[in-house]
Amino acid sequence: MLIFFLVSFKLSAQPSPILPGAERPELYLDLLKGKSVGIVANQTSIMPHEGKKHVVDYLLEQGVSVKKVFVPEHGFRGDVDAGAKVNSSVDSKTGLPIVSLYGNNKKPTAQQISDLDLIIFDLQDVGVRFYTYISTMHYVMEAAAENGKQVIIFDRPNPNGDYIDGPVLKKGFESFVGMHPIPVVHGLTVGELAQMINGEKWLKGGLICDLEVIPVANWNHQTPYKLPVKPSPNLPNDLSIRLYPSTCFFEGSIFSLGRGTEFPFQVYGYPAKNIGTFTFTPVSIPGMSTNPPYKDQVCYGVDLRNESLSHQFTVKYIIDALAKSGKGESFFKGYFNTLAGTDELKKQLLAGKSEEEIKESWQVDLNSYKKLRSNYLIYKD
């Protein structure tokens, strides 16, 4: 009996698996019956505990009338370079039309959704303001609100959802890499953010989207989450995703962040020997980075691949690179302020402010945001 008790206790102590919204069909299949359905999906739209079955395949198997698939930046298979146009096409497996939301239009047109009753949104986000999947979600919600369609979010965990940091986007700095007055690391799942977009009336004209969120099971904001599929070509592993909020700022500088290597967003460097002892040479990698900055040139810099998975947002890498470069204003590209969502960070960096001073300047805005965020949480902090 004692042995049986110990075995039973060991089995019962196993944590329940984290189930993304897609793996909770009991919550959504009835909502889809008799409906014409569109879905925003890509390579991340899978059911991890069902052999990584794609949610589109699953819905079709269940008799759901899926009419078309909308795809974001990087395409349906997630193999298109950052910023590269994504073409509309037909899925070879299902025969479904694939409609690009990163080509001729970033927002679904009235014609593209006229034959639909509702649109499912199921993309794995990484919890950072300038990751464009949440901008796609905004436009899908807006188009749905304008045309009387429902949106159902199949929610997924946020791998950077355990903290909040960075400057809050200021009015006048809105772009496709920052549409909302939220910090760089916003601490929300896409479902929570969708509720905030609705609640704060951030859609054009203050429209409200008919929204349903299918929540994640057995997850909270402090639960680590290892992504089963890389969310985009240049975020190949968990460390790249944790470092991404910090190292993406190099996109707005003259430095390389490792595009054209197998470890993008995990290094930084420049073709000058004084930058650091670590070297890397960007090359063309189809499906990741076809024409990376400093292609075929040796870059000298810093290797961040020993950073901890508990890493949180920092500006110390940018401070270090700016100082070593000796370039001053010319270190930055115009895109830097777009990523920062403000011109204040660049001014602080050029003035030689410390990381502590810079972070302190965000605290009032962050505290206001945290209060706002608490109104829309689905999961415990």
# chains A, B, ... in the order shown; residues from 1 in each chain; ligands from 1
>>> residues_around(residues="A:Glu344", least_positions_apart="3", cutoff="10 Å", atoms="only C-alpha atoms", output="VMD selection string")
chain A and resid 167 170 337 340 to 341 347 to 349 358 361
>>> write_last_selection(atoms="N, CA and C atoms", output="short mmCIF file (atom, residue, chain, number, x, y, z; two decimals), in the first residue's frame")
data_model
loop_
_atom_site.label_atom_id
_atom_site.label_comp_id
_atom_site.auth_asym_id
_atom_site.auth_seq_id
_atom_site.Cartn_x
_atom_site.Cartn_y
_atom_site.Cartn_z
N PRO A 167 10.61 52.22 -22.23
CA PRO A 167 9.84 53.44 -22.40
C PRO A 167 8.45 53.16 -22.96
N LYS A 170 5.20 57.24 -27.05
CA LYS A 170 4.61 58.58 -26.97
C LYS A 170 3.81 58.89 -28.22
N ASN A 337 14.39 55.84 -33.02
CA ASN A 337 13.29 56.49 -32.30
C ASN A 337 11.96 55.78 -32.56
N ALA A 340 12.04 52.88 -30.22
CA ALA A 340 11.93 53.34 -28.84
C ALA A 340 10.54 53.87 -28.54
N GLY A 341 9.87 54.37 -29.59
CA GLY A 341 8.55 54.97 -29.38
C GLY A 341 8.63 56.35 -28.75
N LYS A 347 18.24 60.84 -26.84
CA LYS A 347 18.82 62.04 -26.20
C LYS A 347 19.55 61.66 -24.92
N GLN A 348 18.95 60.77 -24.14
CA GLN A 348 19.57 60.34 -22.88
C GLN A 348 20.88 59.60 -23.14
N LEU A 349 20.89 58.75 -24.16
CA LEU A 349 22.09 57.99 -24.49
C LEU A 349 23.21 58.92 -24.96
N ILE A 358 18.41 56.41 -16.83
CA ILE A 358 17.45 56.24 -17.93
C ILE A 358 16.22 55.48 -17.46
N SER A 361 13.75 57.38 -15.37
CA SER A 361 12.92 58.34 -16.10
C SER A 361 11.64 57.71 -16.65
#
>>> residues_around(residues="A:His186", least_positions_apart="2", cutoff="9 Å", atoms="only C-alpha atoms", output="PyMOL selection string")
chain A and resi 127-129+160-161+163-166+182-184+188-189+193+369-370+373
>>> write_last_selection(atoms="N, CA, C and O atoms", output="CSV table (one decimal), in the first residue's frame")
chain,number,residue,atom,x,y,z
A,127,GLY,N,5.7,39.2,-26.8
A,127,GLY,CA,5.5,40.1,-25.7
A,127,GLY,C,6.3,41.4,-25.7
A,127,GLY,O,6.5,42.0,-24.7
A,128,VAL,N,6.6,41.8,-26.9
A,128,VAL,CA,7.5,43.0,-27.1
A,128,VAL,C,6.7,44.0,-28.1
A,128,VAL,O,6.2,43.5,-29.1
A,129,ARG,N,6.7,45.2,-27.8
A,129,ARG,CA,5.9,46.2,-28.5
A,129,ARG,C,6.2,46.2,-30.0
A,129,ARG,O,5.3,46.4,-30.8
A,160,ASN,N,7.9,36.5,-22.6
A,160,ASN,CA,8.4,37.6,-21.8
A,160,ASN,C,7.4,38.2,-21.0
A,160,ASN,O,7.4,39.4,-20.7
A,161,GLY,N,6.4,37.4,-20.5
A,161,GLY,CA,5.3,38.0,-19.8
A,161,GLY,C,5.4,38.1,-18.3
A,161,GLY,O,4.5,38.5,-17.6
A,163,TYR,N,7.5,40.2,-16.7
A,163,TYR,CA,7.9,41.6,-16.2
A,163,TYR,C,7.5,42.6,-17.2
A,163,TYR,O,7.0,42.3,-18.3
A,164,ILE,N,7.7,43.9,-16.8
A,164,ILE,CA,7.3,45.0,-17.6
A,164,ILE,C,8.4,46.0,-17.6
A,164,ILE,O,8.9,46.3,-16.5
A,165,ASP,N,8.9,46.6,-18.7
A,165,ASP,CA,10.0,47.5,-18.7
A,165,ASP,C,10.1,48.2,-20.0
A,165,ASP,O,9.5,47.8,-21.0
A,166,GLY,N,10.8,49.3,-20.0
A,166,GLY,CA,11.1,50.1,-21.2
A,166,GLY,C,10.2,51.3,-21.3
A,166,GLY,O,9.3,51.5,-20.6
A,182,ILE,N,2.1,51.6,-25.0
A,182,ILE,CA,2.5,50.6,-24.0
A,182,ILE,C,4.1,50.5,-24.0
A,182,ILE,O,4.7,51.0,-24.9
A,183,PRO,N,4.6,50.0,-22.9
A,183,PRO,CA,6.1,49.9,-22.9
A,183,PRO,C,6.7,48.8,-23.8
A,183,PRO,O,5.9,48.0,-24.4
A,184,VAL,N,8.0,48.8,-24.0
A,184,VAL,CA,8.7,47.9,-24.9
A,184,VAL,C,8.3,46.4,-24.5
A,184,VAL,O,7.9,45.6,-25.3
A,188,LEU,N,1.8,41.3,-21.4
A,188,LEU,CA,0.4,40.9,-21.8
A,188,LEU,C,0.5,39.8,-22.8
A,188,LEU,O,1.3,39.8,-23.7
A,189,THR,N,-0.5,38.9,-22.8
A,189,THR,CA,-0.7,38.0,-23.9
A,189,THR,C,-1.4,38.7,-25.0
A,189,THR,O,-2.0,39.8,-24.7
A,193,LEU,N,-4.0,41.9,-24.4
A,193,LEU,CA,-3.8,43.1,-25.2
A,193,LEU,C,-5.0,43.4,-26.0
A,193,LEU,O,-5.4,44.6,-26.1
A,369,TYR,N,1.0,52.7,-16.5
A,369,TYR,CA,0.7,51.6,-17.4
A,369,TYR,C,0.3,50.3,-16.6
A,369,TYR,O,-0.6,49.6,-16.9
A,370,LYS,N,1.0,50.1,-15.5
A,370,LYS,CA,0.8,48.9,-14.7
A,370,LYS,C,-0.7,48.9,-14.1
A,370,LYS,O,-1.3,47.9,-14.0
A,373,ARG,N,-2.9,48.2,-17.0
A,373,ARG,CA,-2.8,46.7,-17.4
A,373,ARG,C,-3.6,45.8,-16.4
A,373,ARG,O,-4.2,44.8,-16.9
>>> residues_around(residues="stretch 138-151 of chain A", least_positions_apart="6", cutoff="8 Å", atoms="only C-alpha atoms", output="NGL selection string")
:A and (106-110 or 114 or 116-121 or 194 or 197 or 203-204 or 207-212)
>>> closest_residue(among="A:Gly199, A:Gly51, A:Pro159, A:Pro25", to="A:Leu372", atoms="only C-alpha atoms")
A:Gly199
>>> atom_distance(atom1="atom CA of A:Ser289", atom2="atom CA of A:Pro233")
8.1 Å
>>> residues_around(residues="A:Cys299", least_positions_apart="3", cutoff="7 Å", atoms="only C-alpha atoms", output="PDB file with C-alpha atoms, in the first residue's frame")
ATOM      1  CA  GLY A 269      29.253  43.970 -33.261  1.00  0.00           C
ATOM      2  CA  TYR A 270      30.711  46.190 -35.950  1.00  0.00           C
ATOM      3  CA  PRO A 271      33.607  45.968 -38.440  1.00  0.00           C
ATOM      4  CA  ALA A 272      36.097  47.692 -36.097  1.00  0.00           C
ATOM      5  CA  THR A 279      34.124  37.954 -33.963  1.00  0.00           C
ATOM      6  CA  PHE A 280      31.387  36.869 -36.335  1.00  0.00           C
ATOM      7  CA  THR A 281      30.893  37.173 -40.079  1.00  0.00           C
TER       8      THR A 281
END
>>> select_by_dssp(residues="stretch 219-280 of chain A", states="helix (DSSP H, G or I)", output="MDAnalysis selection string")
chainID A and resid 238:252 273:275
>>> write_last_selection(atoms="all heavy atoms", output="short mmCIF file (atom, residue, chain, number, x, y, z; two decimals), in the first residue's frame")
data_model
loop_
_atom_site.label_atom_id
_atom_site.label_comp_id
_atom_site.auth_asym_id
_atom_site.auth_seq_id
_atom_site.Cartn_x
_atom_site.Cartn_y
_atom_site.Cartn_z
N ASP A 238 15.05 30.08 -27.17
CA ASP A 238 14.49 30.82 -26.03
C ASP A 238 15.36 32.00 -25.63
O ASP A 238 14.84 33.06 -25.23
CB ASP A 238 14.32 29.87 -24.83
CG ASP A 238 13.29 28.79 -25.11
OD1 ASP A 238 12.28 29.10 -25.76
OD2 ASP A 238 13.50 27.64 -24.69
N LEU A 239 16.68 31.87 -25.72
CA LEU A 239 17.55 32.98 -25.32
C LEU A 239 17.39 34.16 -26.27
O LEU A 239 17.36 35.32 -25.83
CB LEU A 239 19.00 32.52 -25.26
CG LEU A 239 19.99 33.60 -24.78
CD1 LEU A 239 19.62 34.11 -23.38
CD2 LEU A 239 21.43 33.09 -24.80
N SER A 240 17.28 33.88 -27.55
CA SER A 240 17.09 34.99 -28.51
C SER A 240 15.81 35.75 -28.19
O SER A 240 15.76 36.98 -28.31
CB SER A 240 17.06 34.46 -29.95
OG SER A 240 15.92 33.65 -30.19
N ILE A 241 14.78 35.04 -27.75
CA ILE A 241 13.50 35.67 -27.42
C ILE A 241 13.63 36.52 -26.16
O ILE A 241 13.05 37.61 -26.07
CB ILE A 241 12.41 34.59 -27.27
CG1 ILE A 241 12.10 33.98 -28.63
CG2 ILE A 241 11.15 35.14 -26.63
CD1 ILE A 241 11.32 32.68 -28.57
N ARG A 242 14.40 36.05 -25.18
CA ARG A 242 14.60 36.83 -23.95
C ARG A 242 15.48 38.06 -24.21
O ARG A 242 15.28 39.12 -23.61
CB ARG A 242 15.24 35.96 -22.86
CG ARG A 242 14.34 34.91 -22.27
CD ARG A 242 13.11 35.48 -21.58
NE ARG A 242 13.38 36.04 -20.27
CZ ARG A 242 12.44 36.38 -19.40
NH1 ARG A 242 11.15 36.22 -19.69
NH2 ARG A 242 12.76 36.90 -18.24
N LEU A 243 16.46 37.93 -25.10
CA LEU A 243 17.35 39.05 -25.40
C LEU A 243 16.75 40.05 -26.39
O LEU A 243 17.18 41.20 -26.46
CB LEU A 243 18.67 38.52 -25.98
CG LEU A 243 19.63 37.84 -25.00
CD1 LEU A 243 20.71 37.09 -25.75
CD2 LEU A 243 20.26 38.86 -24.06
N TYR A 244 15.77 39.61 -27.13
CA TYR A 244 15.19 40.41 -28.22
C TYR A 244 14.79 41.83 -27.81
O TYR A 244 15.11 42.78 -28.54
CB TYR A 244 14.00 39.64 -28.81
CG TYR A 244 13.21 40.38 -29.85
CD1 TYR A 244 13.74 40.61 -31.12
CD2 TYR A 244 11.93 40.84 -29.58
CE1 TYR A 244 12.99 41.28 -32.08
CE2 TYR A 244 11.18 41.51 -30.53
CZ TYR A 244 11.72 41.73 -31.79
OH TYR A 244 10.98 42.40 -32.73
N PRO A 245 14.11 42.05 -26.67
CA PRO A 245 13.76 43.43 -26.32
C PRO A 245 14.98 44.33 -26.19
O PRO A 245 14.92 45.52 -26.52
CB PRO A 245 13.04 43.28 -24.97
CG PRO A 245 12.60 41.86 -24.90
CD PRO A 245 13.62 41.08 -25.67
N SER A 246 16.08 43.78 -25.72
CA SER A 246 17.31 44.56 -25.49
C SER A 246 18.11 44.75 -26.77
O SER A 246 18.60 45.86 -27.06
CB SER A 246 18.19 43.87 -24.45
OG SER A 246 17.48 43.60 -23.25
N THR A 247 18.27 43.68 -27.54
CA THR A 247 19.17 43.74 -28.70
C THR A 247 18.49 44.25 -29.96
O THR A 247 19.18 44.67 -30.90
CB THR A 247 19.81 42.37 -28.97
OG1 THR A 247 18.78 41.38 -29.09
CG2 THR A 247 20.75 41.97 -27.84
N CYS A 248 17.17 44.26 -30.00
CA CYS A 248 16.48 44.75 -31.21
C CYS A 248 16.78 46.21 -31.46
O CYS A 248 16.70 46.68 -32.61
CB CYS A 248 14.97 44.52 -31.10
SG CYS A 248 14.09 44.84 -32.64
N PHE A 249 17.16 46.96 -30.42
CA PHE A 249 17.48 48.37 -30.61
C PHE A 249 18.66 48.58 -31.56
O PHE A 249 18.81 49.64 -32.16
CB PHE A 249 17.74 49.06 -29.27
CG PHE A 249 16.47 49.46 -28.56
CD1 PHE A 249 15.93 48.67 -27.57
CD2 PHE A 249 15.80 50.61 -28.93
CE1 PHE A 249 14.76 49.03 -26.92
CE2 PHE A 249 14.62 50.98 -28.30
CZ PHE A 249 14.09 50.19 -27.29
N PHE A 250 19.48 47.54 -31.72
CA PHE A 250 20.58 47.65 -32.68
C PHE A 250 20.09 47.74 -34.12
O PHE A 250 20.84 48.17 -35.00
CB PHE A 250 21.56 46.47 -32.51
CG PHE A 250 22.42 46.59 -31.29
CD1 PHE A 250 22.25 45.74 -30.21
CD2 PHE A 250 23.40 47.58 -31.20
CE1 PHE A 250 23.02 45.85 -29.06
CE2 PHE A 250 24.19 47.70 -30.06
CZ PHE A 250 24.00 46.84 -28.99
N GLU A 251 18.84 47.37 -34.36
CA GLU A 251 18.25 47.55 -35.70
C GLU A 251 18.22 49.04 -36.07
O GLU A 251 18.21 49.39 -37.25
CB GLU A 251 16.81 47.02 -35.73
CG GLU A 251 16.66 45.54 -35.40
CD GLU A 251 16.76 44.64 -36.61
OE1 GLU A 251 17.64 44.88 -37.46
OE2 GLU A 251 15.98 43.68 -36.69
N GLY A 252 18.18 49.91 -35.06
CA GLY A 252 18.15 51.34 -35.29
C GLY A 252 19.52 51.98 -35.13
O GLY A 252 19.63 53.17 -34.82
N LYS A 273 37.95 46.71 -34.86
CA LYS A 273 38.54 45.79 -33.89
C LYS A 273 38.42 46.24 -32.44
O LYS A 273 38.51 45.43 -31.52
CB LYS A 273 40.02 45.56 -34.23
CG LYS A 273 40.21 44.75 -35.51
CD LYS A 273 41.66 44.44 -35.77
CE LYS A 273 41.82 43.59 -37.03
NZ LYS A 273 43.24 43.26 -37.32
N ASN A 274 38.20 47.54 -32.21
CA ASN A 274 38.15 48.00 -30.82
C ASN A 274 36.81 47.69 -30.14
O ASN A 274 36.65 47.91 -28.94
CB ASN A 274 38.37 49.52 -30.78
CG ASN A 274 37.22 50.29 -31.43
OD1 ASN A 274 36.94 50.09 -32.61
ND2 ASN A 274 36.57 51.15 -30.67
N ILE A 275 35.83 47.17 -30.89
CA ILE A 275 34.50 46.96 -30.32
C ILE A 275 34.48 45.76 -29.37
O ILE A 275 33.76 45.76 -28.38
CB ILE A 275 33.45 46.78 -31.43
CG1 ILE A 275 33.48 47.95 -32.42
CG2 ILE A 275 32.05 46.60 -30.84
CD1 ILE A 275 33.19 49.30 -31.80
#
>>> select_by_dssp(residues="stretch 62-287 of chain A", states="strand (DSSP E or B)", output="PyMOL selection string")
chain A and resi 65-71+89-90+97-100+118-121+128+150-154+165-168+175+178+183-185+210-214+217+253+256+267-270+278-280+285
>>> write_last_selection(atoms="N, CA and C atoms", output="tab-separated table (two decimals), in the first residue's frame")
chain	number	residue	atom	x	y	z
A	65	SER	N	-15.84	25.30	-41.26
A	65	SER	CA	-15.82	25.86	-42.61
A	65	SER	C	-14.78	26.98	-42.69
A	66	VAL	N	-13.51	26.59	-42.77
A	66	VAL	CA	-12.42	27.56	-42.91
A	66	VAL	C	-12.35	27.99	-44.37
A	67	LYS	N	-12.48	29.27	-44.63
A	67	LYS	CA	-12.53	29.78	-46.00
A	67	LYS	C	-11.19	30.31	-46.49
A	68	LYS	N	-10.40	30.88	-45.58
A	68	LYS	CA	-9.12	31.46	-46.01
A	68	LYS	C	-8.21	31.65	-44.80
A	69	VAL	N	-6.93	31.75	-45.10
A	69	VAL	CA	-5.91	31.96	-44.07
A	69	VAL	C	-5.23	33.31	-44.32
A	70	PHE	N	-5.20	34.16	-43.31
A	70	PHE	CA	-4.47	35.42	-43.38
A	70	PHE	C	-3.10	35.22	-42.73
A	71	VAL	N	-2.07	35.79	-43.33
A	71	VAL	CA	-0.72	35.59	-42.78
A	71	VAL	C	-0.04	36.92	-42.52
A	89	SER	N	-1.13	33.67	-51.81
A	89	SER	CA	-0.92	32.43	-52.56
A	89	SER	C	-2.03	31.44	-52.22
A	90	VAL	N	-1.77	30.15	-52.47
A	90	VAL	CA	-2.69	29.08	-52.11
A	90	VAL	C	-1.89	28.04	-51.34
A	97	PRO	N	-7.05	29.58	-49.89
A	97	PRO	CA	-6.35	30.82	-50.26
A	97	PRO	C	-5.61	31.40	-49.07
A	98	ILE	N	-4.39	31.86	-49.30
A	98	ILE	CA	-3.59	32.53	-48.28
A	98	ILE	C	-3.53	34.00	-48.63
A	99	VAL	N	-4.02	34.83	-47.71
A	99	VAL	CA	-4.12	36.26	-47.94
A	99	VAL	C	-3.06	36.97	-47.09
A	100	SER	N	-2.14	37.65	-47.75
A	100	SER	CA	-1.07	38.33	-47.03
A	100	SER	C	-1.56	39.60	-46.36
A	118	LEU	N	-16.61	35.24	-38.98
A	118	LEU	CA	-15.67	35.54	-37.89
A	118	LEU	C	-14.25	35.25	-38.33
A	119	ILE	N	-13.31	35.81	-37.58
A	119	ILE	CA	-11.88	35.62	-37.85
A	119	ILE	C	-11.21	35.14	-36.57
A	120	ILE	N	-10.51	34.02	-36.66
A	120	ILE	CA	-9.70	33.52	-35.55
A	120	ILE	C	-8.30	34.13	-35.67
A	121	PHE	N	-7.74	34.56	-34.55
A	121	PHE	CA	-6.35	35.03	-34.52
A	121	PHE	C	-5.56	34.06	-33.65
A	128	VAL	N	6.65	41.81	-26.94
A	128	VAL	CA	7.45	43.02	-27.11
A	128	VAL	C	6.72	43.95	-28.09
A	150	GLN	N	-16.94	39.02	-36.00
A	150	GLN	CA	-16.40	38.68	-34.69
A	150	GLN	C	-14.93	38.26	-34.81
A	151	VAL	N	-14.15	38.52	-33.77
A	151	VAL	CA	-12.78	38.02	-33.69
A	151	VAL	C	-12.67	37.09	-32.48
A	152	ILE	N	-12.11	35.91	-32.69
A	152	ILE	CA	-11.85	34.97	-31.61
A	152	ILE	C	-10.34	34.80	-31.50
A	153	ILE	N	-9.78	35.16	-30.36
A	153	ILE	CA	-8.34	35.00	-30.11
A	153	ILE	C	-8.10	33.63	-29.48
A	154	PHE	N	-7.29	32.81	-30.12
A	154	PHE	CA	-6.77	31.60	-29.48
A	154	PHE	C	-5.49	32.05	-28.76
A	165	ASP	N	8.85	46.56	-18.72
A	165	ASP	CA	9.97	47.50	-18.70
A	165	ASP	C	10.06	48.24	-20.03
A	166	GLY	N	10.84	49.30	-20.01
A	166	GLY	CA	11.11	50.07	-21.22
A	166	GLY	C	10.24	51.31	-21.33
A	167	PRO	N	10.61	52.22	-22.23
A	167	PRO	CA	9.84	53.44	-22.40
A	167	PRO	C	8.45	53.16	-22.96
A	168	VAL	N	7.48	53.93	-22.52
A	168	VAL	CA	6.12	53.84	-23.06
A	168	VAL	C	6.05	54.68	-24.33
A	175	SER	N	3.68	53.60	-35.27
A	175	SER	CA	4.09	52.97	-36.53
A	175	SER	C	3.67	51.51	-36.49
A	178	GLY	N	4.90	49.80	-33.51
A	178	GLY	CA	4.47	50.39	-32.24
A	178	GLY	C	3.20	51.18	-32.43
A	183	PRO	N	4.65	49.96	-22.94
A	183	PRO	CA	6.11	49.88	-22.89
A	183	PRO	C	6.68	48.83	-23.83
A	184	VAL	N	7.98	48.84	-24.00
A	184	VAL	CA	8.66	47.87	-24.88
A	184	VAL	C	8.29	46.45	-24.48
A	185	VAL	N	8.42	46.14	-23.19
A	185	VAL	CA	8.02	44.83	-22.68
A	185	VAL	C	6.72	45.05	-21.91
A	210	ASP	N	-16.18	42.97	-31.64
A	210	ASP	CA	-16.86	41.83	-31.02
A	210	ASP	C	-15.81	40.76	-30.78
A	211	LEU	N	-15.37	40.61	-29.54
A	211	LEU	CA	-14.16	39.84	-29.21
A	211	LEU	C	-14.45	38.70	-28.25
A	212	GLU	N	-13.84	37.56	-28.53
A	212	GLU	CA	-13.88	36.40	-27.62
A	212	GLU	C	-12.45	35.89	-27.47
A	213	VAL	N	-12.01	35.69	-26.23
A	213	VAL	CA	-10.66	35.17	-25.99
A	213	VAL	C	-10.77	33.75	-25.43
A	214	ILE	N	-10.12	32.81	-26.10
A	214	ILE	CA	-10.02	31.44	-25.59
A	214	ILE	C	-8.72	31.37	-24.79
A	217	ALA	N	-4.68	27.44	-20.59
A	217	ALA	CA	-4.90	26.71	-19.34
A	217	ALA	C	-3.56	26.43	-18.67
A	253	SER	N	20.56	51.17	-35.33
A	253	SER	CA	21.93	51.67	-35.19
A	253	SER	C	22.78	51.16	-36.35
A	256	SER	N	25.59	45.55	-36.07
A	256	SER	CA	24.92	44.28	-36.39
A	256	SER	C	24.48	43.61	-35.10
A	267	VAL	N	24.12	38.48	-30.18
A	267	VAL	CA	25.45	39.09	-30.27
A	267	VAL	C	25.26	40.53	-30.76
A	268	TYR	N	26.30	41.33	-30.63
A	268	TYR	CA	26.31	42.61	-31.34
A	268	TYR	C	27.74	42.95	-31.70
A	269	GLY	N	27.90	43.65	-32.82
A	269	GLY	CA	29.25	43.97	-33.26
A	269	GLY	C	29.27	44.89	-34.47
A	270	TYR	N	30.50	45.20	-34.90
A	270	TYR	CA	30.71	46.19	-35.95
A	270	TYR	C	32.09	45.92	-36.55
A	278	PHE	N	35.22	39.19	-29.51
A	278	PHE	CA	34.42	38.18	-30.17
A	278	PHE	C	34.20	38.59	-31.63
A	279	THR	N	34.33	37.64	-32.55
A	279	THR	CA	34.12	37.95	-33.96
A	279	THR	C	33.04	37.07	-34.57
A	280	PHE	N	32.34	37.64	-35.54
A	280	PHE	CA	31.39	36.87	-36.34
A	280	PHE	C	31.32	37.50	-37.72
A	285	ILE	N	21.83	33.80	-45.46
A	285	ILE	CA	21.19	32.55	-45.02
A	285	ILE	C	19.74	32.58	-45.52
>>> closest_residue(among="A:Lys327, A:Arg156, A:Lys333, A:Lys295", to="A:Lys226", atoms="only C-alpha atoms")
A:Arg156
>>> closest_residue(among="A:Asn237, A:Asn375, A:Gln195, A:Asn218", to="A:Met137", atoms="only C-alpha atoms")
A:Gln195
>>> atom_distance(atom1="atom CA of A:Asn105", atom2="atom CA of A:Val64")
26.6 Å
>>> residues_around(residues="A:Phe331", least_positions_apart="5", cutoff="9 Å", atoms="only C-alpha atoms", output="list in words")
Gly252, Ser253, Ile254, Phe255, Ala321, Leu322, Ser325 and Gly326 of chain A
>>> residues_around(residues="A:Phe263", least_positions_apart="2", cutoff="10 Å", atoms="only C-alpha atoms", output="VMD selection string")
chain A and resid 234 to 237 239 to 240 257 to 261 265 to 267 280 303 to 305
